[in-house]
Each structure stands twice: as C-alpha cells, then as structure tokens.
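Chemist: Quick one: this structure, given as structure tokens, is what I'll be asking you about.
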Amino acid sequence: MVREKILIIDDEEGIRQLFVRLLHGAKYEVHPFERGAPALESMQRETYDLVITDLRMPGMDGMEVLERVRQERPELPVIVLTGHGTVESAVEAMKRGAYDYITKPVQPEEIELTIEKALREKRLSEENRILKEQLTERYSLDALLGKSPKMRELFQLILQVAPSDAAVLIQGESGTGKELVARAIHTHSARSKRILLSLNCAALPETLLESELFGHEKGAFTGALTAKKGLLEVADGGTLYLDEIGDMPYSLQAKLLRAVEQGEFLRLGGQSPIHVDVRTISSTNRNLKEMVESGKFREDLYYRLNIIMIHVPPLRDRQEDIPLLSEHFCRKFAEKMGKPIKGFAPPAMEALLAYDWPGNVRQLENIIERAVIMTAGETIEKESLATEILAAPSTSSEGYLHLPLKEAKEKLERDYLLRVLKLHHGNVSLAAQEAGIHKTHFYQKLRQYGIRFES
C-alpha cells in the first residue's frame, strides 16, 4: 500500500514531534519542517498529498506558504494551525483557499479526523479527474462523444483516413455533427498545423458563393473595389470543409471539379490560373447519388469528392450515447451559468431516452441548455424538459410502420431492451427485473440483438 505523504511546517519542535508520533506509520509518511522556505523547496522534489502549516512563524508565515501552494499545486489541500487568539487569521486563510484549520493546543482525535477528511476528498477529486480523462479518451475524439458501437466504428474510420490527403464525403442528417467529424479528420491529419476553413454552400447566393470560394479580381462585379482571395486560396496547404455540398449550384460544380482535380482555378474575373494544395472535406444531408441520377449533381465531381465516404449515424441509431451526451451538455451549461446541477432525475433521463431526436445531437444540446436554465436545484427533473419531449409517446411508431410485422416486433423489442438497460445504467439484474424476465433470459436477448452496453 502506498503511504500518503504529509508535509508539516511548524517552528515548534513539540508540535512537529506530535504529528510524527501520531501519523507516521503504515498509512502516512510525515515530512516535518521548521521553516516555510525549505519546506516549499522540498515540494519541487517530492509529491505530497497534504500540507499542514502553522500560521505564525518567523520568516515566511503560513499565509505566504498557503499562497505559494495554491499557485504551484492548487489541487493540494492545506490545513492551517492557529492559536486561540488568531482564529480570525485562520478564517481569512480559508477564504484564500485553505481546506480547514486546527486550533492549538491540538487534540489527537481532531487531527486524525480533519486529516482523513481532507485526504479522502483529495482522493475522490483525483479519481474523478482520472475518470473524466479516461471517459474523454475512451468515448470521444476531439469534440465528438459516443461509446456506442457505431460511434466507435466512426472514431476508428476517422483515425484511419485522417493521415491521407484523400477527399472525404461526410453524409448524415442535420444536427449529427458532420462538421465535428471534418474537424477531427483535419486535427489528426498531417495538415493539422495549417488552416481549416469552412464554407456553407447553402448559405450564399450563387455569385457570392463563387466569390467566397474562388475569390475575385478588382472590378469583377459591381462593388468589387479591390481584389480578394477566395477560401481555396487562403486554405492553401490546409483543409477546406464544404458543408452542404449538395446545395452548390450546378454551374459552379465544374469549376470546383477543376480545383479539386488539378489544384488550380481562376478568380472571378481573373485570367491567370492560381495553383493550390488543398484537401477537401465535403458534407451533405442529401442523397448525392440520387442527385447524380436526376442530373442535379455532376457525376465526375461526386466521384472526385467521394474518395472516402463517412456516414455519421443519427442519434436514434445510437441511443446508448444519449446519457453520455446529456451529462456532457449538462456539465457544460451548468458551468457556464454557474449552477450546481449534478445530473438528471431518472424520469427525466427516461424521457430523453424515449424520444426519437429528429434534430439529432444539435437538438439534444438545445434541449439540455433549456433544461439547465429551467432548473433551480441540483437535479434536472422531467418537468424541466421541453414540451416536445414531454408530449412524445414513449415509443414512436414512425420507425416501425414501414417494416413487416416480424421486423417491427424485433425492432420494438430491441429498442425496449436498450431503454430499460440504459434506465438502470447498465445494471442487467435491475433491467431484467424491470422487464419481468430472468437475468439469463435477458442476457440471451442482448446477444440475440447484438447489444453491447457499457455502463
């Protein structure tokens, strides 16, 4: 067992000996110092778990020790020792970040209880930090979050394709996080130290879109008082993300094809070709294959942009991720608004799991932001959720109507198993009890539907 290290600073030898006698042993390793300066120097060599310092000492006093520890090791708890006549100073020290204070003459029971409490909270804080880091590493890729099989496959594909310079086409419904996927690809590519620029092809009329993408020469159109570089030119050496590429006017697609295929283009009104080295990542919520077949999108451009296809699953197909995403957004907005919200009441989470999320992750984020605003306590209750969540049936029939009866029953049963399992945070015994079936039978059902769940 690793002993926790306690740094003691007190100019009274009797106090130092008392702490060594009380604490040094199997649980703790005590390092006593008479002065503050050498004690702080030892922190550069040793890793301590707790500092106990007297307030009144010659030279560097306890308040200065506290300030230095807070600057250099803010996670380290500090307990101050004070005489009966200097309790006000101890209170001031706590305002500055001390964990607690002990008055002299010290009582052994008080010492042990205060130290154990401080170290227990430090251990919990450290465990939470490590867990958060593990969750971030295990269930996310940059700003993308998810632990479902579909998201893990997506993470693996992103890391696989990122190092290449191949053009990537990202398909998915609105709100699924296509731009986050594009940013993750760029971040893990060899171009990560160069610029990533984004252009929404559906947000601008044709003339402005052409100017924004390819740039223009002075006098190219009314109002073009000076020459301007386009995003393709500015992104030279980096990555250009073309959002909603399916909305690009047909007349501009040939010019984009030349830029992607040959690495050159003309500015609007220009005569001299401009050469660039840009990786393109495109995205759309439309079916480009059908657009090609109907003559609304160029086939040659489609295949040039679609060297690698990545599909971002809708939230309804990865419901295992709803608790993880909800907790993430809850923490984000609670911190932003300065609210002490710690999580969701079970009925609230059950309602979130039962909803179909047509607006996907973006809609979930908006719903959680509203819920945080509407919550006064430490827990988000079901009543704080938006009307569309509360009014939704527990299981939407829309996803089943187009299926044969057998497949609809199987889908309904799979969705039910997922929801009851998530409601009980992955505890199969409780989930089986809720479902009214034996735990062994519940496991058989999970294997039957290929459900992998990690709490």
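Each chain in the structure tokens gets a letter, A, B, ..., in the order shown, and its residues are numbered from 1; ligands are numbered from 1 in order too.
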Give me every strand (DSSP E) residue in region 62-175 of chain A, going by DSSP on the backbone, as a PDB file with all heavy atoms, in the first residue's frame.
Modeler:
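What landed in out_9.pdb:
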```
ATOM      1  N   VAL A  78      -4.557  22.274   2.047  1.00  0.00           N
ATOM      2  CA  VAL A  78      -3.711  22.892   3.075  1.00  0.00           C
ATOM      3  C   VAL A  78      -4.547  23.080   4.344  1.00  0.00           C
ATOM      4  O   VAL A  78      -5.621  23.689   4.301  1.00  0.00           O
ATOM      5  CB  VAL A  78      -3.159  24.257   2.607  1.00  0.00           C
ATOM      6  CG1 VAL A  78      -2.314  24.892   3.724  1.00  0.00           C
ATOM      7  CG2 VAL A  78      -2.328  24.093   1.335  1.00  0.00           C
ATOM      8  N   ILE A  79      -4.057  22.557   5.467  1.00  0.00           N
ATOM      9  CA  ILE A  79      -4.680  22.763   6.773  1.00  0.00           C
ATOM     10  C   ILE A  79      -3.780  23.702   7.567  1.00  0.00           C
ATOM     11  O   ILE A  79      -2.554  23.499   7.618  1.00  0.00           O
ATOM     12  CB  ILE A  79      -4.850  21.429   7.525  1.00  0.00           C
ATOM     13  CG1 ILE A  79      -5.816  20.512   6.755  1.00  0.00           C
ATOM     14  CG2 ILE A  79      -5.368  21.659   8.945  1.00  0.00           C
ATOM     15  CD1 ILE A  79      -5.917  19.103   7.339  1.00  0.00           C
ATOM     16  N   VAL A  80      -4.362  24.728   8.169  1.00  0.00           N
ATOM     17  CA  VAL A  80      -3.557  25.683   8.929  1.00  0.00           C
ATOM     18  C   VAL A  80      -3.746  25.448  10.425  1.00  0.00           C
ATOM     19  O   VAL A  80      -4.823  25.059  10.890  1.00  0.00           O
ATOM     20  CB  VAL A  80      -3.911  27.144   8.563  1.00  0.00           C
ATOM     21  CG1 VAL A  80      -3.596  27.423   7.109  1.00  0.00           C
ATOM     22  CG2 VAL A  80      -5.380  27.445   8.846  1.00  0.00           C
ATOM     23  N   LEU A  81      -2.661  25.668  11.157  1.00  0.00           N
ATOM     24  CA  LEU A  81      -2.675  25.561  12.615  1.00  0.00           C
ATOM     25  C   LEU A  81      -2.693  26.960  13.201  1.00  0.00           C
ATOM     26  O   LEU A  81      -1.974  27.851  12.732  1.00  0.00           O
ATOM     27  CB  LEU A  81      -1.427  24.816  13.108  1.00  0.00           C
ATOM     28  CG  LEU A  81      -1.249  23.377  12.609  1.00  0.00           C
ATOM     29  CD1 LEU A  81       0.114  22.839  13.050  1.00  0.00           C
ATOM     30  CD2 LEU A  81      -2.356  22.491  13.144  1.00  0.00           C
ATOM     31  N   THR A  82      -3.510  27.167  14.200  1.00  0.00           N
ATOM     32  CA  THR A  82      -3.624  28.510  14.773  1.00  0.00           C
ATOM     33  C   THR A  82      -3.903  28.447  16.259  1.00  0.00           C
ATOM     34  O   THR A  82      -4.525  27.492  16.750  1.00  0.00           O
ATOM     35  CB  THR A  82      -4.759  29.298  14.077  1.00  0.00           C
ATOM     36  OG1 THR A  82      -4.863  30.595  14.650  1.00  0.00           O
ATOM     37  CG2 THR A  82      -6.088  28.597  14.229  1.00  0.00           C
ATOM     38  N   ASP A 100      -8.997  23.664   5.810  1.00  0.00           N
ATOM     39  CA  ASP A 100      -9.584  23.722   7.159  1.00  0.00           C
ATOM     40  C   ASP A 100      -8.519  24.265   8.106  1.00  0.00           C
ATOM     41  O   ASP A 100      -7.383  24.511   7.709  1.00  0.00           O
ATOM     42  CB  ASP A 100     -10.037  22.329   7.608  1.00  0.00           C
ATOM     43  CG  ASP A 100     -11.151  22.386   8.656  1.00  0.00           C
ATOM     44  OD1 ASP A 100     -11.352  23.477   9.232  1.00  0.00           O
ATOM     45  OD2 ASP A 100     -11.791  21.351   8.896  1.00  0.00           O
ATOM     46  N   TYR A 101      -8.891  24.452   9.374  1.00  0.00           N
ATOM     47  CA  TYR A 101      -7.906  24.870  10.367  1.00  0.00           C
ATOM     48  C   TYR A 101      -8.095  24.069  11.650  1.00  0.00           C
ATOM     49  O   TYR A 101      -9.168  23.548  11.946  1.00  0.00           O
ATOM     50  CB  TYR A 101      -7.985  26.373  10.648  1.00  0.00           C
ATOM     51  CG  TYR A 101      -9.235  26.836  11.362  1.00  0.00           C
ATOM     52  CD1 TYR A 101      -9.271  26.893  12.763  1.00  0.00           C
ATOM     53  CD2 TYR A 101     -10.360  27.243  10.658  1.00  0.00           C
ATOM     54  CE1 TYR A 101     -10.412  27.323  13.433  1.00  0.00           C
ATOM     55  CE2 TYR A 101     -11.505  27.678  11.317  1.00  0.00           C
ATOM     56  CZ  TYR A 101     -11.523  27.712  12.703  1.00  0.00           C
ATOM     57  OH  TYR A 101     -12.649  28.131  13.362  1.00  0.00           O
ATOM     58  N   ILE A 102      -6.983  23.958  12.398  1.00  0.00           N
ATOM     59  CA  ILE A 102      -6.985  23.260  13.685  1.00  0.00           C
ATOM     60  C   ILE A 102      -6.403  24.219  14.715  1.00  0.00           C
ATOM     61  O   ILE A 102      -5.351  24.827  14.507  1.00  0.00           O
ATOM     62  CB  ILE A 102      -6.128  21.975  13.635  1.00  0.00           C
ATOM     63  CG1 ILE A 102      -6.707  20.988  12.614  1.00  0.00           C
ATOM     64  CG2 ILE A 102      -6.041  21.324  15.005  1.00  0.00           C
ATOM     65  CD1 ILE A 102      -5.850  19.753  12.403  1.00  0.00           C
ATOM     66  N   THR A 103      -7.105  24.379  15.836  1.00  0.00           N
ATOM     67  CA  THR A 103      -6.642  25.303  16.874  1.00  0.00           C
ATOM     68  C   THR A 103      -5.718  24.587  17.862  1.00  0.00           C
ATOM     69  O   THR A 103      -5.862  23.388  18.125  1.00  0.00           O
ATOM     70  CB  THR A 103      -7.829  25.907  17.635  1.00  0.00           C
ATOM     71  OG1 THR A 103      -8.627  24.853  18.186  1.00  0.00           O
ATOM     72  CG2 THR A 103      -8.678  26.764  16.722  1.00  0.00           C
ATOM     73  N   SER A 140     -14.504   9.624 -26.779  1.00  0.00           N
ATOM     74  CA  SER A 140     -14.567  10.823 -27.602  1.00  0.00           C
ATOM     75  C   SER A 140     -13.386  10.912 -28.539  1.00  0.00           C
ATOM     76  O   SER A 140     -12.355  10.272 -28.354  1.00  0.00           O
ATOM     77  CB  SER A 140     -14.608  12.075 -26.723  1.00  0.00           C
ATOM     78  OG  SER A 140     -13.354  12.295 -26.127  1.00  0.00           O
ATOM     79  N   LEU A 141     -13.557  11.698 -29.558  1.00  0.00           N
ATOM     80  CA  LEU A 141     -12.492  12.028 -30.483  1.00  0.00           C
ATOM     81  C   LEU A 141     -12.651  13.514 -30.737  1.00  0.00           C
ATOM     82  O   LEU A 141     -13.568  13.942 -31.430  1.00  0.00           O
ATOM     83  CB  LEU A 141     -12.618  11.230 -31.781  1.00  0.00           C
ATOM     84  CG  LEU A 141     -11.467  11.371 -32.764  1.00  0.00           C
ATOM     85  CD1 LEU A 141     -10.198  10.755 -32.188  1.00  0.00           C
ATOM     86  CD2 LEU A 141     -11.799  10.718 -34.088  1.00  0.00           C
ATOM     87  N   LEU A 144     -16.206  15.095 -30.580  1.00  0.00           N
ATOM     88  CA  LEU A 144     -17.202  14.047 -30.789  1.00  0.00           C
ATOM     89  C   LEU A 144     -17.289  13.167 -29.553  1.00  0.00           C
ATOM     90  O   LEU A 144     -16.272  12.808 -28.964  1.00  0.00           O
ATOM     91  CB  LEU A 144     -16.820  13.178 -31.992  1.00  0.00           C
ATOM     92  CG  LEU A 144     -16.970  13.812 -33.374  1.00  0.00           C
ATOM     93  CD1 LEU A 144     -16.187  13.009 -34.399  1.00  0.00           C
ATOM     94  CD2 LEU A 144     -18.443  13.861 -33.771  1.00  0.00           C
ATOM     95  N   LEU A 145     -18.510  12.825 -29.159  1.00  0.00           N
ATOM     96  CA  LEU A 145     -18.709  11.975 -27.993  1.00  0.00           C
ATOM     97  C   LEU A 145     -19.543  10.769 -28.372  1.00  0.00           C
ATOM     98  O   LEU A 145     -20.490  10.875 -29.144  1.00  0.00           O
ATOM     99  CB  LEU A 145     -19.432  12.742 -26.877  1.00  0.00           C
ATOM    100  CG  LEU A 145     -18.641  13.805 -26.117  1.00  0.00           C
ATOM    101  CD1 LEU A 145     -19.572  14.544 -25.175  1.00  0.00           C
ATOM    102  CD2 LEU A 145     -17.517  13.170 -25.333  1.00  0.00           C
ATOM    103  N   VAL A 168     -12.783  13.512 -48.697  1.00  0.00           N
ATOM    104  CA  VAL A 168     -13.738  12.778 -47.858  1.00  0.00           C
ATOM    105  C   VAL A 168     -15.120  13.401 -48.025  1.00  0.00           C
ATOM    106  O   VAL A 168     -15.262  14.628 -48.010  1.00  0.00           O
ATOM    107  CB  VAL A 168     -13.325  12.824 -46.373  1.00  0.00           C
ATOM    108  CG1 VAL A 168     -14.357  12.093 -45.503  1.00  0.00           C
ATOM    109  CG2 VAL A 168     -11.941  12.214 -46.180  1.00  0.00           C
ATOM    110  N   LEU A 169     -16.122  12.551 -48.201  1.00  0.00           N
ATOM    111  CA  LEU A 169     -17.507  12.994 -48.236  1.00  0.00           C
ATOM    112  C   LEU A 169     -18.208  12.462 -46.989  1.00  0.00           C
ATOM    113  O   LEU A 169     -18.250  11.255 -46.763  1.00  0.00           O
ATOM    114  CB  LEU A 169     -18.217  12.489 -49.492  1.00  0.00           C
ATOM    115  CG  LEU A 169     -19.699  12.844 -49.606  1.00  0.00           C
ATOM    116  CD1 LEU A 169     -19.890  14.360 -49.673  1.00  0.00           C
ATOM    117  CD2 LEU A 169     -20.324  12.183 -50.841  1.00  0.00           C
ATOM    118  N   ILE A 170     -18.746  13.378 -46.185  1.00  0.00           N
ATOM    119  CA  ILE A 170     -19.426  13.010 -44.950  1.00  0.00           C
ATOM    120  C   ILE A 170     -20.924  13.141 -45.169  1.00  0.00           C
ATOM    121  O   ILE A 170     -21.406  14.211 -45.540  1.00  0.00           O
ATOM    122  CB  ILE A 170     -19.000  13.921 -43.787  1.00  0.00           C
ATOM    123  CG1 ILE A 170     -17.478  13.912 -43.632  1.00  0.00           C
ATOM    124  CG2 ILE A 170     -19.663  13.492 -42.488  1.00  0.00           C
ATOM    125  CD1 ILE A 170     -16.958  14.991 -42.704  1.00  0.00           C
ATOM    126  N   GLN A 171     -21.650  12.060 -44.953  1.00  0.00           N
ATOM    127  CA  GLN A 171     -23.096  12.084 -45.112  1.00  0.00           C
ATOM    128  C   GLN A 171     -23.767  11.853 -43.762  1.00  0.00           C
ATOM    129  O   GLN A 171     -23.288  11.087 -42.933  1.00  0.00           O
ATOM    130  CB  GLN A 171     -23.550  11.031 -46.122  1.00  0.00           C
ATOM    131  CG  GLN A 171     -23.186  11.374 -47.566  1.00  0.00           C
ATOM    132  CD  GLN A 171     -23.999  10.582 -48.565  1.00  0.00           C
ATOM    133  OE1 GLN A 171     -24.034   9.363 -48.514  1.00  0.00           O
ATOM    134  NE2 GLN A 171     -24.651  11.273 -49.487  1.00  0.00           N
TER     135      GLN A 171
END
```
Chemist: Here is a test: counting only C-alpha atoms, which residue of A:Lys339, A:Lys255, A:Arg316, A:His424 is nearest to Thr375 (chain A)?
Modeler: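 Of A:Lys339, A:Lys255, A:Arg316, A:His424, the one nearest Thr375 (chain A) is A:Lys339, counting only C-alpha atoms.
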Chemist: Give me the residues within 10 Å of Leu50 (chain A) as a CSV table (one decimal) with N, CA, C and O atoms, in the first residue's frame, counting only C-alpha atoms and dropping any in the same chain fewer than 3 places off.
Modeler:
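Saved file part-v2.csv follows:
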```
chain,number,residue,atom,x,y,z
A,4,GLU,N,0.4,7.9,2.0
A,4,GLU,CA,0.2,9.3,1.6
A,4,GLU,C,1.2,10.1,2.4
A,4,GLU,O,1.4,10.0,3.6
A,5,LYS,N,1.8,11.1,1.7
A,5,LYS,CA,2.8,12.0,2.2
A,5,LYS,C,2.2,13.3,2.8
A,5,LYS,O,1.5,14.0,2.0
A,6,ILE,N,2.6,13.6,4.0
A,6,ILE,CA,2.1,14.8,4.7
A,6,ILE,C,3.2,15.7,5.0
A,6,ILE,O,4.2,15.3,5.6
A,7,LEU,N,3.1,16.9,4.5
A,7,LEU,CA,4.2,17.9,4.8
A,7,LEU,C,3.8,18.8,6.0
A,7,LEU,O,2.7,19.4,6.0
A,8,ILE,N,4.6,18.8,7.1
A,8,ILE,CA,4.3,19.5,8.3
A,8,ILE,C,5.2,20.7,8.4
A,8,ILE,O,6.5,20.5,8.3
A,30,VAL,N,5.3,11.2,7.1
A,30,VAL,CA,5.3,12.6,7.6
A,30,VAL,C,6.7,13.2,7.3
A,30,VAL,O,7.7,12.6,7.7
A,47,THR,N,6.4,14.6,-4.1
A,47,THR,CA,5.0,14.8,-4.3
A,47,THR,C,4.2,14.6,-3.1
A,47,THR,O,4.2,13.4,-2.6
A,53,THR,N,0.4,23.6,8.0
A,53,THR,CA,1.3,24.7,8.3
A,53,THR,C,0.8,25.6,9.4
A,53,THR,O,-0.4,25.8,9.5
A,75,GLU,N,-4.3,21.7,-6.4
A,75,GLU,CA,-5.1,20.6,-6.0
A,75,GLU,C,-4.7,20.1,-4.7
A,75,GLU,O,-5.4,19.2,-4.1
A,76,LEU,N,-3.6,20.6,-4.1
A,76,LEU,CA,-3.1,20.1,-2.8
A,76,LEU,C,-3.9,20.8,-1.6
A,76,LEU,O,-3.8,22.0,-1.5
A,77,PRO,N,-4.5,20.0,-0.7
A,77,PRO,CA,-5.2,20.6,0.4
A,77,PRO,C,-4.2,21.1,1.4
A,77,PRO,O,-3.2,20.5,1.7
A,78,VAL,N,-4.6,22.3,2.0
A,78,VAL,CA,-3.7,22.9,3.1
A,78,VAL,C,-4.5,23.1,4.3
A,78,VAL,O,-5.6,23.7,4.3
A,79,ILE,N,-4.1,22.6,5.5
A,79,ILE,CA,-4.7,22.8,6.8
A,79,ILE,C,-3.8,23.7,7.6
A,79,ILE,O,-2.6,23.5,7.6
A,99,TYR,N,-8.0,24.4,3.3
A,99,TYR,CA,-9.1,23.4,3.4
A,99,TYR,C,-9.8,23.5,4.7
A,99,TYR,O,-11.0,23.5,4.8
A,115,ILE,N,-7.5,15.4,9.0
A,115,ILE,CA,-6.6,14.9,8.0
A,115,ILE,C,-7.2,13.9,7.1
A,115,ILE,O,-7.1,13.9,5.9
A,118,ALA,N,-9.7,15.5,4.7
A,118,ALA,CA,-9.0,16.2,3.7
A,118,ALA,C,-8.5,15.3,2.6
A,118,ALA,O,-8.6,15.5,1.4
A,119,LEU,N,-7.8,14.2,3.1
A,119,LEU,CA,-7.2,13.3,2.1
A,119,LEU,C,-8.3,12.5,1.4
A,119,LEU,O,-8.1,12.1,0.2
A,122,LYS,N,-9.5,14.6,-1.3
A,122,LYS,CA,-8.5,14.8,-2.4
A,122,LYS,C,-8.4,13.5,-3.3
A,122,LYS,O,-8.3,13.6,-4.5
```
Chemist: I'd like the contact shell of Ala203 (chain A) - 10 Å cut-off, only C-alpha atoms, skipping same-chain residues fewer than 5 positions apart - returned as an NGL selection string.
Modeler: :A and (208-209 or 243-244 or 247-248)
Chemist: Take the residues just selected and output them with N, CA, C and O atoms as a PDB file, in the first residue's frame.
Modeler:
```pdb
ATOM      1  N   LEU A 208     -22.177  35.297 -54.800  1.00  0.00           N
ATOM      2  CA  LEU A 208     -21.396  35.456 -53.577  1.00  0.00           C
ATOM      3  C   LEU A 208     -20.656  34.172 -53.216  1.00  0.00           C
ATOM      4  O   LEU A 208     -19.527  34.214 -52.725  1.00  0.00           O
ATOM      5  N   LEU A 209     -21.286  33.032 -53.477  1.00  0.00           N
ATOM      6  CA  LEU A 209     -20.646  31.750 -53.200  1.00  0.00           C
ATOM      7  C   LEU A 209     -19.402  31.579 -54.062  1.00  0.00           C
ATOM      8  O   LEU A 209     -18.342  31.163 -53.573  1.00  0.00           O
ATOM      9  N   ASP A 243     -19.502  22.502 -46.489  1.00  0.00           N
ATOM     10  CA  ASP A 243     -20.724  22.000 -45.863  1.00  0.00           C
ATOM     11  C   ASP A 243     -21.892  22.127 -46.839  1.00  0.00           C
ATOM     12  O   ASP A 243     -21.964  23.078 -47.621  1.00  0.00           O
ATOM     13  N   GLU A 244     -22.797  21.175 -46.797  1.00  0.00           N
ATOM     14  CA  GLU A 244     -23.972  21.138 -47.674  1.00  0.00           C
ATOM     15  C   GLU A 244     -23.570  21.281 -49.145  1.00  0.00           C
ATOM     16  O   GLU A 244     -24.097  22.105 -49.886  1.00  0.00           O
ATOM     17  N   ASP A 247     -25.992  21.500 -52.133  1.00  0.00           N
ATOM     18  CA  ASP A 247     -26.677  22.737 -52.484  1.00  0.00           C
ATOM     19  C   ASP A 247     -25.832  23.653 -53.361  1.00  0.00           C
ATOM     20  O   ASP A 247     -26.268  24.766 -53.679  1.00  0.00           O
ATOM     21  N   MET A 248     -24.654  23.212 -53.757  1.00  0.00           N
ATOM     22  CA  MET A 248     -23.830  24.035 -54.645  1.00  0.00           C
ATOM     23  C   MET A 248     -24.475  24.110 -56.027  1.00  0.00           C
ATOM     24  O   MET A 248     -24.842  23.068 -56.602  1.00  0.00           O
TER      25      MET A 248
END
```
Chemist: Can you pull out the residues contacting region 330-338 of chain A? Cut-off 9 Å, using only C-alpha atoms, and skip same-chain residues under 3 positions away; I want them as a list in words.
Modeler: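 Counting only the stated atoms, we get Leu325, Ser326, Glu327, Ile341, Lys342, Gly343, Phe344, Glu365, Ile368, Glu369, Ala371, Val372, Ile373 and Ile380 of chain A.
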Chemist: I need the chosen residues saved as a compact mmCIF listing (two decimals), in the first residue's frame, with N, CA, C and O atoms.
Modeler:
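Dumped everything to part.txt:
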```
# COMPACT_ATOMS: atom_id res chain seq x y z
N LEU A 325 -23.97 11.98 -23.70
CA LEU A 325 -24.10 13.31 -24.29
C LEU A 325 -24.87 14.25 -23.37
O LEU A 325 -24.50 15.43 -23.22
N SER A 326 -25.93 13.75 -22.77
CA SER A 326 -26.75 14.58 -21.89
C SER A 326 -25.94 15.07 -20.69
O SER A 326 -26.01 16.25 -20.31
N GLU A 327 -25.17 14.18 -20.09
CA GLU A 327 -24.34 14.57 -18.94
C GLU A 327 -23.29 15.59 -19.37
O GLU A 327 -22.99 16.54 -18.64
N ILE A 341 -25.83 22.09 -10.79
CA ILE A 341 -26.60 20.94 -11.27
C ILE A 341 -25.67 19.75 -11.45
O ILE A 341 -24.63 19.86 -12.12
N LYS A 342 -26.07 18.60 -10.89
CA LYS A 342 -25.19 17.43 -10.90
C LYS A 342 -25.67 16.32 -11.83
O LYS A 342 -24.93 15.36 -12.07
N GLY A 343 -26.90 16.39 -12.33
CA GLY A 343 -27.36 15.32 -13.19
C GLY A 343 -28.86 15.34 -13.39
O GLY A 343 -29.51 16.37 -13.21
N PHE A 344 -29.39 14.17 -13.76
CA PHE A 344 -30.79 14.05 -14.16
C PHE A 344 -31.53 13.10 -13.22
O PHE A 344 -31.00 12.07 -12.80
N GLU A 365 -28.60 19.05 -27.52
CA GLU A 365 -27.85 20.12 -26.86
C GLU A 365 -28.77 21.29 -26.51
O GLU A 365 -28.71 21.84 -25.40
N ILE A 368 -31.07 20.34 -23.55
CA ILE A 368 -30.37 20.32 -22.27
C ILE A 368 -30.06 21.74 -21.81
O ILE A 368 -30.16 22.05 -20.61
N GLU A 369 -29.70 22.62 -22.73
CA GLU A 369 -29.45 24.01 -22.36
C GLU A 369 -30.70 24.63 -21.74
O GLU A 369 -30.64 25.31 -20.71
N ALA A 371 -33.15 23.01 -20.32
CA ALA A 371 -33.44 22.35 -19.04
C ALA A 371 -32.56 22.91 -17.92
O ALA A 371 -33.03 23.09 -16.79
N VAL A 372 -31.31 23.21 -18.24
CA VAL A 372 -30.42 23.80 -17.23
C VAL A 372 -30.94 25.18 -16.82
O VAL A 372 -30.94 25.53 -15.64
N ILE A 373 -31.39 25.96 -17.79
CA ILE A 373 -31.96 27.28 -17.49
C ILE A 373 -33.17 27.15 -16.58
O ILE A 373 -33.34 27.93 -15.64
N ILE A 380 -31.90 17.84 -12.71
CA ILE A 380 -32.86 18.18 -13.76
C ILE A 380 -34.03 17.20 -13.69
O ILE A 380 -33.86 15.99 -13.84
```
Chemist: Which polymer residues have any atom within 12 Å of an atom of Pro38 (chain A), counting only C-alpha atoms, with same-chain residues fewer than 4 positions away left out, as a list in words?
Modeler: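 Close residues of Pro38 (chain A): Leu7, Ile8, Ile9, Asp10, His31, Pro32, Phe33, Glu34, Ser42, Met43, Gln44, Arg45, Gly59, Met60 and Val65 of chain A.
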Chemist: Produce a file of the selected residues containing N, CA, C and O atoms, as a compact mmCIF listing (two decimals), in the first residue's frame.
Modeler:
```
# COMPACT_ATOMS: atom_id res chain seq x y z
N LEU A 7 3.15 16.95 4.55
CA LEU A 7 4.19 17.94 4.82
C LEU A 7 3.75 18.79 6.02
O LEU A 7 2.69 19.40 6.00
N ILE A 8 4.56 18.77 7.09
CA ILE A 8 4.27 19.53 8.31
C ILE A 8 5.25 20.71 8.41
O ILE A 8 6.46 20.52 8.31
N ILE A 9 4.72 21.91 8.63
CA ILE A 9 5.57 23.09 8.79
C ILE A 9 5.16 23.79 10.09
O ILE A 9 4.04 24.32 10.20
N ASP A 10 6.07 23.79 11.08
CA ASP A 10 5.79 24.46 12.35
C ASP A 10 7.12 24.73 13.04
O ASP A 10 8.00 23.86 13.08
N HIS A 31 6.68 14.39 6.75
CA HIS A 31 7.91 15.13 6.49
C HIS A 31 7.84 16.46 7.24
O HIS A 31 7.19 17.40 6.80
N PRO A 32 8.49 16.55 8.42
CA PRO A 32 8.41 17.78 9.22
C PRO A 32 9.47 18.81 8.83
O PRO A 32 10.61 18.46 8.51
N PHE A 33 9.07 20.10 8.83
CA PHE A 33 9.99 21.21 8.56
C PHE A 33 9.74 22.32 9.57
O PHE A 33 8.60 22.58 9.97
N GLU A 34 10.84 23.00 9.94
CA GLU A 34 10.75 24.10 10.90
C GLU A 34 10.41 25.41 10.23
O GLU A 34 9.82 26.29 10.83
N SER A 42 11.25 21.55 -0.87
CA SER A 42 11.11 20.09 -0.93
C SER A 42 9.96 19.67 -1.84
O SER A 42 9.96 18.55 -2.37
N MET A 43 8.97 20.59 -2.04
CA MET A 43 7.86 20.27 -2.93
C MET A 43 8.31 20.16 -4.38
O MET A 43 7.60 19.58 -5.21
N GLN A 44 9.46 20.74 -4.70
CA GLN A 44 9.98 20.60 -6.06
C GLN A 44 10.55 19.20 -6.29
O GLN A 44 10.68 18.76 -7.44
N ARG A 45 10.90 18.51 -5.19
CA ARG A 45 11.50 17.17 -5.31
C ARG A 45 10.51 16.05 -4.97
O ARG A 45 10.60 14.95 -5.50
N GLY A 59 10.06 34.50 9.60
CA GLY A 59 10.36 34.47 8.18
C GLY A 59 9.08 34.33 7.37
O GLY A 59 8.16 35.14 7.48
N MET A 60 8.99 33.30 6.58
CA MET A 60 7.79 33.05 5.77
C MET A 60 6.67 32.52 6.65
O MET A 60 6.79 31.44 7.23
N VAL A 65 2.93 30.65 2.81
CA VAL A 65 3.04 29.24 2.41
C VAL A 65 1.78 28.81 1.66
O VAL A 65 1.83 28.17 0.61
```
Chemist: Return as an NGL selection string the full set of residues in region 96-191 of chain A whose backbone-based DSSP assignment is alpha helix (DSSP H).
Modeler: :A and (108-139 or 149-161 or 178-187)
Chemist: Please list as a count of residues only every residue within 12 Å of Gln107 (chain A), counting only C-alpha atoms and excluding residues in the same chain fewer than 5 positions away.
Modeler: 9
Chemist: Counting only C-alpha atoms, which of A:Thr207, A:Thr387, A:Thr239, A:Gln71 gets nearest to Arg96 (chain A)?
Modeler: A:Gln71
